[in-house]
Amino acid sequence: MSTDDVSEMGPIDYVVLEFPGNRMTGEGLSRLLDLVDRHVIRVLDLSFIRKDADGSVTALEIADLDGDGELDLAVFDGASSGLLDEDDLREAAAALQPDSSAGVIVYENLWAAPLAAALRRGGARMVAGGRIPAEAFLASLEAVEAEEGSSSASSL
């Protein structure tokens, strides 16, 4: 990949999706495929791991998640940019509860690539980033609403 290719890329994110009790049902798979098909994201790496009740960790192969006899993620078989290594998978496994499985996905945000490229051409560079979990956002909204409710009640 050339420097020009990299300068046109969108931001790259990762997620570790835990499946308690090793229950990978394939639910949500069609949404992931839709995002790829619509060029919203590009999957760069996809790996699966399992953490047994005793804490031992095993890498899993792409499998038939919903039991219909077809490999659900065959389209991603071999998706490996080299970003995920054994250390990354060990770190992901450390976040899992025992008797759980996880999908680890590294993806490029294609939707943001034109903006990111334009900003880079203008001399900007990203120096920090992060993700706010939906639960934290909702808790923050509830706290603001509660505070607004109590301050309007106290001003009466």
# chains A, B, ... in the order shown; residues from 1 in each chain; ligands from 1

call {"tool": "residues_around", "arguments": {"residues": "Ile41 in chain A", "least_positions_apart": "4", "cutoff": "10 Å", "atoms": "only C-alpha atoms", "output": "PyMOL selection string"}}
result
chain A and resi 10-13+32-37+106-113

call {"tool": "residues_around", "arguments": {"residues": "range 89-92 of chain A", "least_positions_apart": "4", "cutoff": "10 Å", "atoms": "only C-alpha atoms", "output": "list in words"}}
result
Val15, Val16, Leu17, Glu18, Ser47, Phe48, Ile49, Val57, Thr58, Ala59, Leu84, Asp85, Leu96, Ala102, Gly103 and Val104 of chain A

call {"tool": "write_last_selection", "arguments": {"atoms": "N, CA and C atoms", "output": "PDB file, in the first residue's frame"}}
result
ATOM      1  N   VAL A  15     -13.529  -3.285  17.274  1.00  0.00           N
ATOM      2  CA  VAL A  15     -14.491  -3.632  18.315  1.00  0.00           C
ATOM      3  C   VAL A  15     -14.252  -5.085  18.713  1.00  0.00           C
ATOM      4  N   VAL A  16     -14.501  -5.357  19.993  1.00  0.00           N
ATOM      5  CA  VAL A  16     -14.483  -6.713  20.514  1.00  0.00           C
ATOM      6  C   VAL A  16     -15.909  -6.974  20.971  1.00  0.00           C
ATOM      7  N   LEU A  17     -16.572  -7.904  20.321  1.00  0.00           N
ATOM      8  CA  LEU A  17     -17.969  -8.206  20.600  1.00  0.00           C
ATOM      9  C   LEU A  17     -18.059  -9.513  21.358  1.00  0.00           C
ATOM     10  N   GLU A  18     -18.449  -9.444  22.632  1.00  0.00           N
ATOM     11  CA  GLU A  18     -18.525 -10.628  23.483  1.00  0.00           C
ATOM     12  C   GLU A  18     -19.876 -11.316  23.336  1.00  0.00           C
ATOM     13  N   SER A  47     -11.360 -11.826  13.523  1.00  0.00           N
ATOM     14  CA  SER A  47     -10.919 -13.020  14.243  1.00  0.00           C
ATOM     15  C   SER A  47     -11.950 -13.373  15.297  1.00  0.00           C
ATOM     16  N   PHE A  48     -11.961 -14.642  15.681  1.00  0.00           N
ATOM     17  CA  PHE A  48     -12.851 -15.118  16.735  1.00  0.00           C
ATOM     18  C   PHE A  48     -12.027 -15.837  17.786  1.00  0.00           C
ATOM     19  N   ILE A  49     -12.415 -15.627  19.033  1.00  0.00           N
ATOM     20  CA  ILE A  49     -11.744 -16.296  20.141  1.00  0.00           C
ATOM     21  C   ILE A  49     -12.790 -16.828  21.111  1.00  0.00           C
ATOM     22  N   VAL A  57      -7.803 -19.766  26.471  1.00  0.00           N
ATOM     23  CA  VAL A  57      -8.284 -19.047  25.286  1.00  0.00           C
ATOM     24  C   VAL A  57      -7.904 -19.826  24.033  1.00  0.00           C
ATOM     25  N   THR A  58      -8.851 -19.909  23.101  1.00  0.00           N
ATOM     26  CA  THR A  58      -8.660 -20.620  21.849  1.00  0.00           C
ATOM     27  C   THR A  58      -9.088 -19.728  20.703  1.00  0.00           C
ATOM     28  N   ALA A  59      -8.305 -19.724  19.628  1.00  0.00           N
ATOM     29  CA  ALA A  59      -8.719 -19.041  18.403  1.00  0.00           C
ATOM     30  C   ALA A  59      -9.739 -19.929  17.702  1.00  0.00           C
ATOM     31  N   LEU A  84      -4.102  -7.186  13.518  1.00  0.00           N
ATOM     32  CA  LEU A  84      -4.361  -8.017  14.696  1.00  0.00           C
ATOM     33  C   LEU A  84      -3.278  -9.077  14.816  1.00  0.00           C
ATOM     34  N   ASP A  85      -2.657  -9.133  15.982  1.00  0.00           N
ATOM     35  CA  ASP A  85      -1.691 -10.203  16.212  1.00  0.00           C
ATOM     36  C   ASP A  85      -2.075 -10.961  17.479  1.00  0.00           C
ATOM     37  N   LEU A  96     -12.838 -10.538  28.224  1.00  0.00           N
ATOM     38  CA  LEU A  96     -13.983 -11.450  28.187  1.00  0.00           C
ATOM     39  C   LEU A  96     -14.225 -12.109  29.533  1.00  0.00           C
ATOM     40  N   ALA A 102     -15.856 -14.290  21.392  1.00  0.00           N
ATOM     41  CA  ALA A 102     -15.848 -12.911  20.909  1.00  0.00           C
ATOM     42  C   ALA A 102     -15.440 -12.870  19.450  1.00  0.00           C
ATOM     43  N   GLY A 103     -15.978 -11.887  18.773  1.00  0.00           N
ATOM     44  CA  GLY A 103     -15.520 -11.524  17.450  1.00  0.00           C
ATOM     45  C   GLY A 103     -14.711 -10.252  17.600  1.00  0.00           C
ATOM     46  N   VAL A 104     -13.555 -10.216  16.980  1.00  0.00           N
ATOM     47  CA  VAL A 104     -12.711  -9.023  17.000  1.00  0.00           C
ATOM     48  C   VAL A 104     -12.645  -8.519  15.560  1.00  0.00           C
TER      49      VAL A 104
END

call {"tool": "select_by_dssp", "arguments": {"residues": "range 93-134 of chain A", "states": "strand (DSSP E)", "output": "mmCIF file with all heavy atoms, in the first residue's frame"}}
result
data_model
loop_
_atom_site.group_PDB
_atom_site.id
_atom_site.type_symbol
_atom_site.label_atom_id
_atom_site.label_comp_id
_atom_site.auth_asym_id
_atom_site.auth_seq_id
_atom_site.Cartn_x
_atom_site.Cartn_y
_atom_site.Cartn_z
ATOM 1 N N SER A 100 -17.163 -17.490 27.392
ATOM 2 C CA SER A 100 -17.670 -16.555 26.380
ATOM 3 C C SER A 100 -16.820 -16.658 25.125
ATOM 4 O O SER A 100 -15.691 -17.121 25.161
ATOM 5 C CB SER A 100 -17.609 -15.110 26.890
ATOM 6 O OG SER A 100 -18.492 -14.913 27.958
ATOM 7 N N SER A 101 -17.396 -16.203 24.034
ATOM 8 C CA SER A 101 -16.685 -16.089 22.769
ATOM 9 C C SER A 101 -16.728 -14.636 22.341
ATOM 10 O O SER A 101 -17.523 -13.847 22.857
ATOM 11 C CB SER A 101 -17.348 -16.954 21.693
ATOM 12 O OG SER A 101 -17.305 -18.304 22.061
ATOM 13 N N ALA A 102 -15.856 -14.290 21.392
ATOM 14 C CA ALA A 102 -15.848 -12.911 20.909
ATOM 15 C C ALA A 102 -15.440 -12.870 19.450
ATOM 16 O O ALA A 102 -14.672 -13.713 18.973
ATOM 17 C CB ALA A 102 -14.879 -12.058 21.727
ATOM 18 N N GLY A 103 -15.978 -11.887 18.773
ATOM 19 C CA GLY A 103 -15.520 -11.524 17.450
ATOM 20 C C GLY A 103 -14.711 -10.252 17.600
ATOM 21 O O GLY A 103 -15.123 -9.334 18.315
ATOM 22 N N VAL A 104 -13.555 -10.216 16.980
ATOM 23 C CA VAL A 104 -12.711 -9.023 17.000
ATOM 24 C C VAL A 104 -12.645 -8.519 15.560
ATOM 25 O O VAL A 104 -12.197 -9.237 14.667
ATOM 26 C CB VAL A 104 -11.292 -9.344 17.526
ATOM 27 C CG1 VAL A 104 -10.454 -8.069 17.604
ATOM 28 C CG2 VAL A 104 -11.361 -10.048 18.882
ATOM 29 N N ILE A 105 -13.145 -7.305 15.364
ATOM 30 C CA ILE A 105 -13.239 -6.750 14.019
ATOM 31 C C ILE A 105 -12.443 -5.454 13.961
ATOM 32 O O ILE A 105 -12.633 -4.562 14.782
ATOM 33 C CB ILE A 105 -14.700 -6.442 13.629
ATOM 34 C CG1 ILE A 105 -15.580 -7.675 13.785
ATOM 35 C CG2 ILE A 105 -14.771 -5.905 12.197
ATOM 36 C CD1 ILE A 105 -17.072 -7.372 13.631
ATOM 37 N N VAL A 106 -11.539 -5.357 12.981
ATOM 38 C CA VAL A 106 -10.839 -4.108 12.675
ATOM 39 C C VAL A 106 -11.412 -3.641 11.348
ATOM 40 O O VAL A 106 -11.463 -4.414 10.382
ATOM 41 C CB VAL A 106 -9.312 -4.316 12.557
ATOM 42 C CG1 VAL A 106 -8.620 -3.011 12.173
ATOM 43 C CG2 VAL A 106 -8.742 -4.863 13.863
ATOM 44 N N TYR A 107 -11.868 -2.399 11.309
ATOM 45 C CA TYR A 107 -12.520 -1.922 10.099
ATOM 46 C C TYR A 107 -12.171 -0.470 9.801
ATOM 47 O O TYR A 107 -11.895 0.318 10.696
ATOM 48 C CB TYR A 107 -14.044 -2.081 10.194
ATOM 49 C CG TYR A 107 -14.666 -1.325 11.348
ATOM 50 C CD1 TYR A 107 -15.196 -0.048 11.163
ATOM 51 C CD2 TYR A 107 -14.713 -1.869 12.623
ATOM 52 C CE1 TYR A 107 -15.757 0.647 12.229
ATOM 53 C CE2 TYR A 107 -15.275 -1.187 13.680
ATOM 54 C CZ TYR A 107 -15.787 0.076 13.478
ATOM 55 O OH TYR A 107 -16.336 0.769 14.532
ATOM 56 N N GLU A 108 -12.183 -0.168 8.517
ATOM 57 C CA GLU A 108 -11.979 1.206 8.050
ATOM 58 C C GLU A 108 -13.345 1.840 7.865
ATOM 59 O O GLU A 108 -14.252 1.236 7.299
ATOM 60 C CB GLU A 108 -11.232 1.215 6.717
ATOM 61 C CG GLU A 108 -11.067 2.611 6.146
ATOM 62 C CD GLU A 108 -10.509 2.638 4.734
ATOM 63 O OE1 GLU A 108 -10.275 1.555 4.144
ATOM 64 O OE2 GLU A 108 -10.333 3.750 4.206
ATOM 65 N N ASN A 109 -13.482 3.066 8.335
ATOM 66 C CA ASN A 109 -14.714 3.832 8.158
ATOM 67 C C ASN A 109 -14.670 4.510 6.783
ATOM 68 O O ASN A 109 -14.200 5.634 6.652
ATOM 69 C CB ASN A 109 -14.840 4.883 9.260
ATOM 70 C CG ASN A 109 -15.110 4.274 10.595
ATOM 71 O OD1 ASN A 109 -16.220 3.850 10.874
ATOM 72 N ND2 ASN A 109 -14.080 4.195 11.431
#

call {"tool": "atom_distance", "arguments": {"atom1": "CA of Ala117 in chain A", "atom2": "CA of Gly82 in chain A"}}
result
22.8 Å

call {"tool": "closest_residue", "arguments": {"among": "A:Asp45, A:Glu145, A:Gly129, A:Arg23", "to": "Asp88 in chain A", "atoms": "only C-alpha atoms"}}
result
A:Asp45
